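*Asks:* File entry_7.pdb below, PDB, C-alpha atoms, pLDDT in the B column:
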ATOM      1  CA  ARG A1361     -44.931  -5.379  37.532  1.00 91.00           C
ATOM      2  CA  ARG A1362     -45.994  -5.172  33.914  1.00 95.00           C
ATOM      3  CA  TYR A1363     -49.477  -4.346  32.705  1.00 96.00           C
ATOM      4  CA  PRO A1364     -51.618  -5.499  29.770  1.00 96.00           C
ATOM      5  CA  ILE A1365     -53.095  -2.926  27.394  1.00 98.00           C
ATOM      6  CA  LEU A1366     -56.808  -2.382  26.863  1.00 98.00           C
ATOM      7  CA  LEU A1367     -57.097  -0.409  23.643  1.00 98.00           C
ATOM      8  CA  HIS A1368     -60.477   0.957  22.629  1.00 98.00           C
ATOM      9  CA  LEU A1369     -61.815   3.040  19.773  1.00 98.00           C
ATOM     10  CA  ASP A1370     -64.093   6.081  20.005  1.00 97.00           C
ATOM     11  CA  GLY A1371     -62.239   7.277  23.064  1.00 96.00           C
ATOM     12  CA  ASN A1372     -64.221  10.525  23.082  1.00 95.00           C
ATOM     13  CA  ALA A1373     -67.391   8.593  23.846  1.00 95.00           C
ATOM     14  CA  TYR A1374     -66.345   5.602  25.938  1.00 97.00           C
ATOM     15  CA  PHE A1375     -63.114   6.264  27.821  1.00 97.00           C
ATOM     16  CA  ASP A1376     -64.703   7.066  31.194  1.00 97.00           C
ATOM     17  CA  VAL A1377     -67.150   4.143  30.984  1.00 97.00           C
ATOM     18  CA  ILE A1378     -64.384   1.667  30.218  1.00 98.00           C
ATOM     19  CA  LYS A1379     -62.048   3.127  32.834  1.00 97.00           C
ATOM     20  CA  ASP A1380     -64.767   2.814  35.487  1.00 97.00           C
ATOM     21  CA  ALA A1381     -65.510  -0.793  34.472  1.00 97.00           C
ATOM     22  CA  VAL A1382     -61.829  -1.685  34.764  1.00 97.00           C
ATOM     23  CA  THR A1383     -61.614  -0.025  38.182  1.00 95.00           C
ATOM     24  CA  LYS A1384     -64.696  -1.922  39.350  1.00 95.00           C
ATOM     25  CA  ASN A1385     -63.209  -5.252  38.250  1.00 93.00           C
ATOM     26  CA  GLN A1386     -59.549  -4.615  39.018  1.00 89.00           C
ATOM     27  CA  HIS A1387     -59.359  -7.195  41.803  1.00 87.00           C
ATOM     28  CA  ASN A1388     -60.615  -9.916  39.450  1.00 86.00           C
ATOM     29  CA  TYR A1389     -57.669  -9.637  37.081  1.00 86.00           C
ATOM     30  CA  PRO A1390     -54.846 -12.194  37.317  1.00 81.00           C
ATOM     31  CA  ASP A1391     -52.569 -11.172  40.196  1.00 83.00           C
ATOM     32  CA  SER A1392     -54.849  -8.113  40.601  1.00 85.00           C
ATOM     33  CA  ILE A1393     -53.054  -6.356  37.732  1.00 92.00           C
ATOM     34  CA  PRO A1394     -55.607  -4.300  35.769  1.00 93.00           C
ATOM     35  CA  PRO A1395     -54.794  -3.108  32.237  1.00 96.00           C
ATOM     36  CA  ILE A1396     -53.562   0.244  31.058  1.00 97.00           C
ATOM     37  CA  VAL A1397     -56.629   1.771  29.393  1.00 98.00           C
ATOM     38  CA  VAL A1398     -55.849   3.534  26.107  1.00 98.00           C
ATOM     39  CA  GLY A1399     -58.646   5.308  24.253  1.00 98.00           C
ATOM     40  CA  ILE A1400     -58.080   6.444  20.683  1.00 98.00           C
ATOM     41  CA  GLY A1401     -60.118   9.568  20.127  1.00 95.00           C
ATOM     42  CA  TYR A1402     -60.199  12.732  18.077  1.00 95.00           C
ATOM     43  CA  GLU A1403     -59.694  16.429  18.668  1.00 93.00           C
ATOM     44  CA  ASN A1404     -63.349  16.827  19.534  1.00 89.00           C
ATOM     45  CA  ALA A1405     -66.705  15.121  19.149  1.00 82.00           C
ATOM     46  CA  TYR A1406     -67.623  17.337  16.182  1.00 84.00           C
ATOM     47  CA  VAL A1407     -64.983  15.819  13.900  1.00 90.00           C
ATOM     48  CA  MET A1408     -65.253  12.322  15.341  1.00 92.00           C
ATOM     49  CA  ASP A1409     -68.173  11.127  13.195  1.00 87.00           C
ATOM     50  CA  SER A1410     -66.502  11.733   9.842  1.00 87.00           C
ATOM     51  CA  LEU A1411     -62.975  10.777  10.865  1.00 96.00           C
ATOM     52  CA  ARG A1412     -63.981   7.491  12.473  1.00 97.00           C
ATOM     53  CA  VAL A1413     -65.597   6.406   9.188  1.00 96.00           C
ATOM     54  CA  ARG A1414     -62.366   7.310   7.420  1.00 97.00           C
ATOM     55  CA  ASP A1415     -60.213   5.372   9.898  1.00 98.00           C
ATOM     56  CA  TYR A1416     -62.294   2.304  10.720  1.00 98.00           C
ATOM     57  CA  THR A1417     -63.388   1.168   7.244  1.00 98.00           C
ATOM     58  CA  PHE A1418     -61.822  -0.755   4.368  1.00 98.00           C
ATOM     59  CA  PRO A1419     -62.089  -0.745   1.399  1.00 97.00           C
ATOM     60  CA  GLU A1420     -63.419   2.631   0.250  1.00 96.00           C
ATOM     61  CA  ALA A1421     -67.179   2.814   0.582  1.00 96.00           C
ATOM     62  CA  LEU A1422     -69.459   1.990  -2.308  1.00 94.00           C
ATOM     63  CA  PRO A1423     -71.057   5.065  -3.945  1.00 92.00           C
ATOM     64  CA  VAL A1424     -74.449   4.154  -2.494  1.00 88.00           C
ATOM     65  CA  ASP A1425     -73.088   4.755   1.037  1.00 88.00           C
ATOM     66  CA  SER A1426     -72.363   8.434   0.305  1.00 87.00           C
ATOM     67  CA  PHE A1427     -69.499   8.775   2.809  1.00 91.00           C
ATOM     68  CA  ALA A1428     -67.296  11.826   2.291  1.00 89.00           C
ATOM     69  CA  THR A1429     -64.186   9.836   3.180  1.00 93.00           C
ATOM     70  CA  SER A1430     -63.617   6.151   3.936  1.00 96.00           C
ATOM     71  CA  GLY A1431     -61.315   3.186   3.417  1.00 97.00           C
ATOM     72  CA  GLY A1432     -58.453   4.239   5.689  1.00 98.00           C
ATOM     73  CA  ALA A1433     -58.367   1.195   7.986  1.00 98.00           C
ATOM     74  CA  GLU A1434     -55.051  -0.065   6.633  1.00 98.00           C
ATOM     75  CA  ARG A1435     -53.359   3.246   7.424  1.00 98.00           C
ATOM     76  CA  PHE A1436     -55.031   3.313  10.849  1.00 98.00           C
ATOM     77  CA  TYR A1437     -53.939  -0.287  11.525  1.00 98.00           C
ATOM     78  CA  ASN A1438     -50.360   0.670  10.656  1.00 97.00           C
ATOM     79  CA  PHE A1439     -50.572   3.729  12.910  1.00 98.00           C
ATOM     80  CA  ILE A1440     -51.547   1.520  15.855  1.00 98.00           C
ATOM     81  CA  ASN A1441     -48.773  -0.976  15.132  1.00 96.00           C
ATOM     82  CA  GLU A1442     -45.965   1.359  14.185  1.00 96.00           C
ATOM     83  CA  GLU A1443     -46.617   4.501  16.229  1.00 98.00           C
ATOM     84  CA  LEU A1444     -49.165   4.155  19.023  1.00 98.00           C
ATOM     85  CA  LEU A1445     -48.216   0.823  20.598  1.00 98.00           C
ATOM     86  CA  PRO A1446     -44.431   1.453  20.411  1.00 97.00           C
ATOM     87  CA  TYR A1447     -45.043   4.804  22.121  1.00 98.00           C
ATOM     88  CA  ILE A1448     -47.032   3.139  24.910  1.00 98.00           C
ATOM     89  CA  ASP A1449     -44.422   0.399  25.292  1.00 97.00           C
ATOM     90  CA  SER A1450     -41.654   2.985  25.623  1.00 97.00           C
ATOM     91  CA  ASN A1451     -43.497   5.003  28.281  1.00 97.00           C
ATOM     92  CA  TYR A1452     -45.195   2.307  30.379  1.00 97.00           C
ATOM     93  CA  ARG A1453     -44.334  -1.102  31.780  1.00 97.00           C
ATOM     94  CA  THR A1454     -46.455  -3.097  29.349  1.00 97.00           C
ATOM     95  CA  GLN A1455     -46.908  -6.829  28.937  1.00 94.00           C
ATOM     96  CA  ARG A1456     -45.986  -8.044  25.466  1.00 88.00           C
ATOM     97  CA  VAL A1457     -47.951 -11.299  25.408  1.00 88.00           C
ATOM     98  CA  THR A1458     -51.515 -10.124  25.926  1.00 92.00           C
ATOM     99  CA  GLY A1459     -53.915  -7.250  25.261  1.00 96.00           C
ATOM    100  CA  THR A1460     -57.461  -6.291  24.319  1.00 97.00           C
ATOM    101  CA  ILE A1461     -58.874  -4.156  21.502  1.00 98.00           C
ATOM    102  CA  MET A1462     -62.548  -3.199  21.505  1.00 98.00           C
ATOM    103  CA  GLY A1463     -64.858  -1.084  19.410  1.00 98.00           C
ATOM    104  CA  HIS A1464     -68.523  -0.473  18.573  1.00 98.00           C
ATOM    105  CA  SER A1465     -70.321  -0.142  15.220  1.00 98.00           C
ATOM    106  CA  PHE A1466     -67.663   0.906  12.695  1.00 98.00           C
ATOM    107  CA  GLY A1467     -65.245   0.505  15.595  1.00 98.00           C
ATOM    108  CA  GLY A1468     -66.428  -3.090  15.894  1.00 98.00           C
ATOM    109  CA  TYR A1469     -65.904  -3.463  12.157  1.00 98.00           C
ATOM    110  CA  PHE A1470     -62.315  -2.313  12.603  1.00 98.00           C
ATOM    111  CA  VAL A1471     -61.781  -4.849  15.403  1.00 98.00           C
ATOM    112  CA  LEU A1472     -62.800  -7.621  12.980  1.00 98.00           C
ATOM    113  CA  TYR A1473     -60.611  -6.063  10.288  1.00 98.00           C
ATOM    114  CA  ALA A1474     -57.665  -5.994  12.714  1.00 98.00           C
ATOM    115  CA  LEU A1475     -58.216  -9.650  13.613  1.00 97.00           C
ATOM    116  CA  ALA A1476     -58.261 -10.630   9.935  1.00 97.00           C
ATOM    117  CA  ARG A1477     -55.082  -8.629   9.313  1.00 96.00           C
ATOM    118  CA  VAL A1478     -53.355 -10.175  12.319  1.00 96.00           C
ATOM    119  CA  LEU A1479     -54.169 -13.684  11.110  1.00 95.00           C
ATOM    120  CA  GLU A1480     -52.937 -12.770   7.637  1.00 93.00           C
ATOM    121  CA  ALA A1481     -49.806 -10.799   8.450  1.00 83.00           C
ATOM    122  CA  GLY A1482     -48.286 -12.978  11.138  1.00 76.00           C
ATOM    123  CA  HIS A1483     -46.187 -11.363  13.848  1.00 87.00           C
ATOM    124  CA  ASN A1484     -46.478  -7.668  14.616  1.00 93.00           C
ATOM    125  CA  ARG A1485     -47.263  -5.712  17.761  1.00 95.00           C
ATOM    126  CA  LEU A1486     -51.031  -5.964  17.423  1.00 95.00           C
ATOM    127  CA  SER A1487     -50.804  -9.709  16.796  1.00 94.00           C
ATOM    128  CA  GLU A1488     -49.742 -10.054  20.438  1.00 95.00           C
ATOM    129  CA  PHE A1489     -53.240  -8.961  21.492  1.00 96.00           C
ATOM    130  CA  ASN A1490     -55.343 -11.974  22.381  1.00 95.00           C
ATOM    131  CA  HIS A1491     -58.801 -10.486  23.040  1.00 97.00           C
ATOM    132  CA  TYR A1492     -60.957  -8.810  20.359  1.00 98.00           C
ATOM    133  CA  VAL A1493     -64.310  -7.243  21.288  1.00 98.00           C
ATOM    134  CA  ALA A1494     -66.653  -6.207  18.450  1.00 98.00           C
ATOM    135  CA  ALA A1495     -69.892  -4.633  19.694  1.00 98.00           C
ATOM    136  CA  SER A1496     -72.551  -4.455  16.970  1.00 98.00           C
ATOM    137  CA  PRO A1497     -69.932  -4.440  14.196  1.00 98.00           C
ATOM    138  CA  SER A1498     -71.127  -2.839  10.965  1.00 97.00           C
ATOM    139  CA  ILE A1499     -70.830  -6.081   9.022  1.00 97.00           C
ATOM    140  CA  GLY A1500     -73.138  -4.824   6.279  1.00 95.00           C
ATOM    141  CA  TYR A1501     -70.431  -2.406   5.100  1.00 96.00           C
ATOM    142  CA  TRP A1502     -69.296  -3.137   1.549  1.00 96.00           C
ATOM    143  CA  GLU A1503     -71.809  -5.965   1.184  1.00 94.00           C
ATOM    144  CA  GLY A1504     -70.315  -8.122   3.933  1.00 95.00           C
ATOM    145  CA  TYR A1505     -66.667  -7.692   2.924  1.00 97.00           C
ATOM    146  CA  ILE A1506     -65.341  -8.317   6.430  1.00 97.00           C
ATOM    147  CA  ILE A1507     -67.173 -11.646   6.712  1.00 96.00           C
ATOM    148  CA  ARG A1508     -65.482 -12.855   3.540  1.00 95.00           C
ATOM    149  CA  GLN A1509     -62.096 -11.701   4.800  1.00 96.00           C
ATOM    150  CA  LEU A1510     -62.496 -13.389   8.176  1.00 95.00           C
ATOM    151  CA  THR A1511     -63.572 -16.604   6.492  1.00 93.00           C
ATOM    152  CA  LYS A1512     -60.471 -16.640   4.310  1.00 94.00           C
ATOM    153  CA  GLN A1513     -58.039 -15.815   7.106  1.00 94.00           C
ATOM    154  CA  ILE A1514     -59.510 -18.245   9.639  1.00 92.00           C
ATOM    155  CA  GLU A1515     -59.249 -21.033   7.070  1.00 91.00           C
ATOM    156  CA  LYS A1516     -55.605 -20.155   6.337  1.00 92.00           C
ATOM    157  CA  ALA A1517     -54.451 -19.498   9.928  1.00 92.00           C
ATOM    158  CA  SER A1518     -52.525 -22.044  11.936  1.00 91.00           C
ATOM    159  CA  LEU A1519     -54.045 -23.773  14.929  1.00 91.00           C
ATOM    160  CA  GLU A1520     -51.418 -22.109  17.113  1.00 90.00           C
ATOM    161  CA  GLN A1521     -52.476 -18.646  15.905  1.00 91.00           C
ATOM    162  CA  LEU A1522     -56.153 -19.294  16.495  1.00 93.00           C
ATOM    163  CA  ARG A1523     -55.800 -20.853  19.937  1.00 93.00           C
ATOM    164  CA  ARG A1524     -54.287 -17.635  21.247  1.00 93.00           C
ATOM    165  CA  LYS A1525     -57.253 -15.505  20.167  1.00 95.00           C
ATOM    166  CA  LYS A1526     -60.547 -14.774  21.900  1.00 96.00           C
ATOM    167  CA  LEU A1527     -63.342 -12.999  20.028  1.00 97.00           C
ATOM    168  CA  TYR A1528     -66.450 -11.521  21.619  1.00 97.00           C
ATOM    169  CA  VAL A1529     -69.147 -10.339  19.180  1.00 98.00           C
ATOM    170  CA  THR A1530     -72.469  -8.778  20.193  1.00 98.00           C
ATOM    171  CA  MET A1531     -75.629  -7.532  18.524  1.00 97.00           C
ATOM    172  CA  GLY A1532     -78.884  -5.997  19.725  1.00 97.00           C
ATOM    173  CA  GLU A1533     -82.150  -7.841  19.274  1.00 96.00           C
ATOM    174  CA  GLU A1534     -83.845  -4.778  17.795  1.00 96.00           C
ATOM    175  CA  GLU A1535     -81.143  -4.147  15.179  1.00 95.00           C
ATOM    176  CA  LEU A1536     -81.224  -7.781  14.115  1.00 94.00           C
ATOM    177  CA  ALA A1537     -84.890  -7.361  13.250  1.00 91.00           C
ATOM    178  CA  TYR A1538     -83.715  -5.218  10.321  1.00 86.00           C
ATOM    179  CA  ASP A1539     -80.925  -7.567   9.179  1.00 82.00           C
ATOM    180  CA  ARG A1540     -82.609  -8.506   5.900  1.00 81.00           C
ATOM    181  CA  SER A1541     -79.396  -9.891   4.444  1.00 85.00           C
ATOM    182  CA  ASP A1542     -78.969 -12.354   7.347  1.00 90.00           C
ATOM    183  CA  LEU A1543     -75.310 -11.359   7.635  1.00 93.00           C
ATOM    184  CA  PHE A1544     -75.139 -11.879  11.380  1.00 94.00           C
ATOM    185  CA  ASN A1545     -76.221 -15.499  11.036  1.00 92.00           C
ATOM    186  CA  LYS A1546     -73.616 -15.934   8.309  1.00 91.00           C
ATOM    187  CA  LEU A1547     -70.984 -14.517  10.655  1.00 93.00           C
ATOM    188  CA  LYS A1548     -72.080 -16.869  13.430  1.00 92.00           C
ATOM    189  CA  GLU A1549     -71.857 -19.825  11.064  1.00 90.00           C
ATOM    190  CA  ILE A1550     -68.317 -18.896  10.060  1.00 88.00           C
ATOM    191  CA  LEU A1551     -67.211 -18.386  13.640  1.00 89.00           C
ATOM    192  CA  SER A1552     -68.712 -21.694  14.709  1.00 85.00           C
ATOM    193  CA  HIS A1553     -65.859 -23.248  12.724  1.00 77.00           C
ATOM    194  CA  GLY A1554     -63.213 -21.105  14.379  1.00 71.00           C
ATOM    195  CA  ASN A1555     -60.646 -23.913  14.423  1.00 80.00           C
ATOM    196  CA  GLY A1556     -59.631 -23.440  18.039  1.00 90.00           C
ATOM    197  CA  MET A1557     -60.276 -19.712  18.510  1.00 93.00           C
ATOM    198  CA  LYS A1558     -62.291 -18.948  21.637  1.00 94.00           C
ATOM    199  CA  ILE A1559     -65.502 -17.305  20.466  1.00 95.00           C
ATOM    200  CA  LYS A1560     -68.475 -15.878  22.321  1.00 95.00           C
ATOM    201  CA  ILE A1561     -71.481 -14.355  20.577  1.00 95.00           C
ATOM    202  CA  LYS A1562     -74.161 -12.536  22.533  1.00 96.00           C
ATOM    203  CA  GLU A1563     -77.475 -10.992  21.550  1.00 97.00           C
ATOM    204  CA  TYR A1564     -78.782  -8.294  23.899  1.00 98.00           C
ATOM    205  CA  LYS A1565     -82.540  -8.485  24.305  1.00 97.00           C
ATOM    206  CA  HIS A1566     -84.665  -5.349  23.780  1.00 97.00           C
ATOM    207  CA  THR A1567     -81.575  -3.429  22.648  1.00 97.00           C
ATOM    208  CA  ASP A1568     -80.908  -1.371  19.519  1.00 97.00           C
ATOM    209  CA  HIS A1569     -77.627  -0.726  17.733  1.00 97.00           C
ATOM    210  CA  MET A1570     -76.465   2.137  19.929  1.00 97.00           C
ATOM    211  CA  GLY A1571     -77.532   0.386  23.117  1.00 98.00           C
ATOM    212  CA  THR A1572     -75.072  -2.493  22.779  1.00 98.00           C
ATOM    213  CA  ALA A1573     -71.853  -0.515  23.214  1.00 98.00           C
ATOM    214  CA  ILE A1574     -71.616  -0.018  26.977  1.00 98.00           C
ATOM    215  CA  PRO A1575     -73.004  -3.416  28.108  1.00 98.00           C
ATOM    216  CA  SER A1576     -70.737  -5.168  25.590  1.00 98.00           C
ATOM    217  CA  PHE A1577     -67.657  -3.403  26.897  1.00 98.00           C
ATOM    218  CA  GLU A1578     -68.629  -3.903  30.543  1.00 97.00           C
ATOM    219  CA  ASP A1579     -69.364  -7.605  30.028  1.00 97.00           C
ATOM    220  CA  ALA A1580     -66.117  -8.156  28.154  1.00 97.00           C
ATOM    221  CA  ILE A1581     -64.144  -6.436  30.910  1.00 96.00           C
ATOM    222  CA  ASN A1582     -65.956  -8.414  33.564  1.00 92.00           C
ATOM    223  CA  GLU A1583     -64.928 -11.641  31.820  1.00 84.00           C
ATOM    224  CA  HIS A1584     -61.549 -10.372  30.560  1.00 75.00           C
TER     225      HIS A1584
END
If you took the structure in this file and wrote it as structure tokens, what would it be?

*Replies:*
Amino acid sequence: RRYPILLHLDGNAYFDVIKDAVTKNQHNYPDSIPPIVVGIGYENAYVMDSLRVRDYTFPEALPVDSFATSGGAERFYNFINEELLPYIDSNYRTQRVTGTIMGHSFGGYFVLYALARVLEAGHNRLSEFNHYVAASPSIGYWEGYIIRQLTKQIEKASLEQLRRKKLYVTMGEEELAYDRSDLFNKLKEILSHGNGMKIKIKEYKHTDHMGTAIPSFEDAINEH
């Protein structure tokens, strides 16, 4: 048997939660074949905060954001494609026609960035992933840059490309109360014209930004 990959960011924080959710739902997967869970983490939780901003964002942050380091998402995307996934493929019996990538906050931003890159770049290893889960993505980064990128790539992508993709985006009701720029509604409007891509958008009631991560991941796994 061969197994799909479930790749998630912030492995230091969420690996056990996601592993337990997969175990709980393993009999609901097609042919009862659960995914191989791969968490990308860091040496320890102390360095995670700064390094995740470096790895999950693009382009480099505006001066007003005051991040020590940022803008490394392209390098991180290439690491996943050229090093991580080939390593997993060579050591495990992986399926090559499906997969999931999920992340929260800046991790959710990177998931949207990866989707835009996949639609732009055509075939590579990450383009074989069909399920993208962005929990409370930090869409306000760089004045909504990722929304503009997704718009451009969705408009340019072929119907065949889009039909193979499924995107699950979530936000918390309490964080949306502070969305003065209305970016989430702009994102929803763009995705409503997804040209064949399967899209689900969910707002968690009475939930703040940090509270969306675990229910988003659990719900996505439950629906796989």

*Asks:* Determine, using only C-alpha atoms, which residues of region 1499-1540 of chain A have any atom at most 9 Å from an atom of region 1559-1581 of chain A, and tabulate each with its shortest atom pair and distance in Å to one decimal place, rows ordered by chain and then rising number, as CSV.

*Replies:*
residue,atom,partner,partner_atom,distance
A:Lys1525,CA,A:Ile1559,CA,8.4
A:Lys1526,CA,A:Ile1559,CA,5.7
A:Leu1527,CA,A:Ile1559,CA,4.8
A:Tyr1528,CA,A:Lys1560,CA,4.9
A:Val1529,CA,A:Ile1561,CA,4.9
A:Thr1530,CA,A:Lys1562,CA,4.7
A:Met1531,CA,A:Glu1563,CA,5.0
A:Gly1532,CA,A:Thr1567,CA,4.7
A:Glu1533,CA,A:Lys1565,CA,5.1
A:Glu1534,CA,A:Asp1568,CA,4.8
A:Glu1535,CA,A:Asp1568,CA,5.2
A:Leu1536,CA,A:Asp1568,CA,8.4

*Asks:* For a test of reading the model, state the distance in Å between CA of Leu1510 (chain A) and CA of Ser1426 (chain A), rounded to one decimal.

*Replies:*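 That distance, rounded to one decimal, is 25.2 Å.
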
*Asks:* Could you list the residues chosen by the PyMOL selection byres ((chain A and resi 1399) around 9) in this structure as an mmCIF file with C-alpha atoms, in the coordinates of the input?

*Replies:*
data_model
loop_
_atom_site.group_PDB
_atom_site.id
_atom_site.type_symbol
_atom_site.label_atom_id
_atom_site.label_comp_id
_atom_site.auth_asym_id
_atom_site.auth_seq_id
_atom_site.Cartn_x
_atom_site.Cartn_y
_atom_site.Cartn_z
ATOM 1 C CA LEU A 1366 -56.808 -2.382 26.863
ATOM 2 C CA LEU A 1367 -57.097 -0.409 23.643
ATOM 3 C CA HIS A 1368 -60.477 0.957 22.629
ATOM 4 C CA LEU A 1369 -61.815 3.040 19.773
ATOM 5 C CA ASP A 1370 -64.093 6.081 20.005
ATOM 6 C CA GLY A 1371 -62.239 7.277 23.064
ATOM 7 C CA ASN A 1372 -64.221 10.525 23.082
ATOM 8 C CA TYR A 1374 -66.345 5.602 25.938
ATOM 9 C CA PHE A 1375 -63.114 6.264 27.821
ATOM 10 C CA VAL A 1397 -56.629 1.771 29.393
ATOM 11 C CA VAL A 1398 -55.849 3.534 26.107
ATOM 12 C CA ILE A 1400 -58.080 6.444 20.683
ATOM 13 C CA GLY A 1401 -60.118 9.568 20.127
#

*Asks:* Hey, what comes out of the PyMOL selection byres ((chain A and resi 1513) around 12) on this file? Could you write it as a ChimeraX atom specification?

*Replies:* /A:1472-1482,1506-1512,1514-1519,1521-1522,1550-1551,1554-1555

*Asks:* Extract, using all atoms listed in the file, all DNA, RNA and protein residues at most 10 Å from Val1413 (chain A), discarding same-chain residues fewer than 4 positions from it, and format them as JSON, numbers by chain.

*Replies:* {"A": [1408, 1409, 1417, 1418, 1420, 1421, 1427, 1428, 1429, 1430, 1431, 1432, 1433, 1466, 1467, 1470]}

*Asks:* Any idea what's packed within 12 Å of Glu1442 (chain A), counting all atoms listed in the file, ignoring anything in its chain fewer than 6 positions away? Could you give it as a PDB file with C-alpha atoms, in the frame of the given file?

*Replies:*
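Result file result21.pdb:
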ATOM      1  CA  GLU A1434     -55.051  -0.065   6.633  1.00 98.00           C
ATOM      2  CA  ARG A1435     -53.359   3.246   7.424  1.00 98.00           C
ATOM      3  CA  PHE A1436     -55.031   3.313  10.849  1.00 98.00           C
ATOM      4  CA  ILE A1448     -47.032   3.139  24.910  1.00 98.00           C
ATOM      5  CA  ASP A1449     -44.422   0.399  25.292  1.00 97.00           C
ATOM      6  CA  ASN A1484     -46.478  -7.668  14.616  1.00 93.00           C
ATOM      7  CA  ARG A1485     -47.263  -5.712  17.761  1.00 95.00           C
ATOM      8  CA  LEU A1486     -51.031  -5.964  17.423  1.00 95.00           C
TER       9      LEU A1486
END

*Asks:* Find the residues of region 1430-1516 of chain A that sit at most 10 Å from region 1538-1546 of chain A; for each, write down the nearest two atoms and how far apart they are in Å, to one decimal. Count all atoms listed in the file. Sort by chain, then by number going up, and give it as JSON lines.

*Replies:*
{"residue": "A:Ser1496", "atom": "CA", "partner": "A:Phe1544", "partner_atom": "CA", "distance": 9.6}
{"residue": "A:Pro1497", "atom": "CA", "partner": "A:Phe1544", "partner_atom": "CA", "distance": 9.5}
{"residue": "A:Ser1498", "atom": "CA", "partner": "A:Phe1544", "partner_atom": "CA", "distance": 9.9}
{"residue": "A:Ile1499", "atom": "CA", "partner": "A:Leu1543", "partner_atom": "CA", "distance": 7.1}
{"residue": "A:Gly1500", "atom": "CA", "partner": "A:Leu1543", "partner_atom": "CA", "distance": 7.0}
{"residue": "A:Glu1503", "atom": "CA", "partner": "A:Leu1543", "partner_atom": "CA", "distance": 9.1}
{"residue": "A:Gly1504", "atom": "CA", "partner": "A:Leu1543", "partner_atom": "CA", "distance": 7.0}
{"residue": "A:Ile1507", "atom": "CA", "partner": "A:Lys1546", "partner_atom": "CA", "distance": 7.9}
{"residue": "A:Arg1508", "atom": "CA", "partner": "A:Lys1546", "partner_atom": "CA", "distance": 9.9}

*Asks:* Hey, can you spit out that residue selection with C-alpha atoms as a CSV table (one decimal), in the frame of the given file?

*Replies:*
chain,number,residue,atom,x,y,z
A,1496,SER,CA,-72.6,-4.5,17.0
A,1497,PRO,CA,-69.9,-4.4,14.2
A,1498,SER,CA,-71.1,-2.8,11.0
A,1499,ILE,CA,-70.8,-6.1,9.0
A,1500,GLY,CA,-73.1,-4.8,6.3
A,1503,GLU,CA,-71.8,-6.0,1.2
A,1504,GLY,CA,-70.3,-8.1,3.9
A,1507,ILE,CA,-67.2,-11.6,6.7
A,1508,ARG,CA,-65.5,-12.9,3.5

*Asks:* Between A:Arg1361, A:Arg1412, A:Lys1384, A:Lys1379, which is the closest to Asn1582 (chain A) once you count all atoms listed in the file?

*Replies:*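 Smallest separation from Asn1582 (chain A) among the options: A:Lys1384.
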
*Asks:* How many Å separate CA of Tyr1447 (chain A) from CA of Met1462 (chain A)?

*Replies:* 19.3 Å

*Asks:* Separation of CA of Ile1396 (chain A) and CA of Gly1459 (chain A), in Å?

*Replies:* 9.5 Å

*Asks:* Here is a test: counting only C-alpha atoms, which residue of A:Tyr1501, A:Phe1489, A:Ala1495, A:Arg1453 is nearest to Arg1524 (chain A)?

*Replies:*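 Nearest to Arg1524 (chain A): A:Phe1489.
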
*Asks:* Which one of A:Arg1362, A:Lys1548, A:His1387, A:His1483 sits closest to Arg1456 (chain A) if you count only C-alpha atoms?

*Replies:*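 Among the listed residues, A:Arg1362 lies closest to Arg1456 (chain A).
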